[in-house]
Amino acid sequence: MTSAFTHTHSWTLPAPPDAVFRALTDPVELTQWFAEHAQIEPRAGGVYRFWGRHTIGTPPQDEARQTITRFQPNTELAYIWPINDVDTIVTMTLAPDTKGTTLSITHHVSGDLSLPRQGESLDDYWRLAMANLSMHLDGKPVIMPDFFDPTRS
């Protein structure tokens, strides 16, 4: 079954755009709120690899092939994110806000992610990730999900 949908949502985060962008693009920070492992080349065409048990689809390191398509410091980050062998496109835009930063995410999916209720699953994933990012920026502990499939070798 092939389906296409786009998830969009915006969050207000308690930090200025430079701190939010750093949390999105620094591998050490990314592993504190989003992924078990991360490797980033901060430029368009660079890798934006994240993998491990905290990543939906739980790709192993050798299958993590996310790639940055747009990189505008403190303003925009876009990348291709394969989830269960389906290339998806994530675009994040940042704008200053009186309370910190408004982060808007558009996640476009063209295909079957092999997830139950894939639209709702992706929405839940982003809501947890953004709650984690907000807590991380506020210096508070986060809840990292474990998507590891024990049947995978």
# chains A, B, ... in the order shown; residues from 1 in each chain; ligands from 1
>>> select_by_dssp(residues="chain A", states="strand (DSSP E or B)", output="PyMOL selection string")
chain A and resi 4-13+37-40+47-51+67-72+76-83+86-97+100-110
>>> select_by_dssp(residues="chain A", states="alpha helix (DSSP H)", output="number ranges by chain")
A: 17-25, 27-33, 118-137
>>> residues_around(residues="Trp51 of chain A", least_positions_apart="2", cutoff="10 Å", atoms="only C-alpha atoms", output="MDAnalysis selection string")
chainID A and resid 31 34:39 49 53:66
>>> atom_distance(atom1="atom CA of Trp33 of chain A", atom2="atom CA of Met135 of chain A")
8.4 Å
>>> residues_around(residues="Thr69 of chain A", least_positions_apart="5", cutoff="6 Å", atoms="only C-alpha atoms", output="list in words")
Ala44, Gly45, Ala78 and Tyr79 of chain A
>>> write_last_selection(atoms="C-alpha atoms", output="PDB file, in the first residue's frame")
ATOM      1  CA  ALA A  44      23.796  21.323   2.324  1.00  0.00           C
ATOM      2  CA  GLY A  45      24.753  17.912   0.912  1.00  0.00           C
ATOM      3  CA  ALA A  78      15.938  20.272   5.796  1.00  0.00           C
ATOM      4  CA  TYR A  79      16.966  16.676   5.286  1.00  0.00           C
TER       5      TYR A  79
END
>>> residues_around(residues="segment 115-131 of chain A", least_positions_apart="2", cutoff="9 Å", atoms="only C-alpha atoms", output="ChimeraX atom specification")
/A:5-9,11,13,33-34,56-57,84,105,107,112-113,133-136,142-145
>>> residues_around(residues="Val86 of chain A", least_positions_apart="3", cutoff="10 Å", atoms="only C-alpha atoms", output="PyMOL selection string")
chain A and resi 80-83+89+109-114
>>> atom_distance(atom1="atom CA of Val20 of chain A", atom2="atom CA of Phe50 of chain A")
17.5 Å
>>> atom_distance(atom1="atom CA of Asp146 of chain A", atom2="atom CA of Leu30 of chain A")
15.6 Å
>>> residues_around(residues="Thr101 of chain A", least_positions_apart="5", cutoff="6 Å", atoms="only C-alpha atoms", output="list in words")
Thr12, Leu13, Pro16, Pro17, Ala95 and Pro96 of chain A
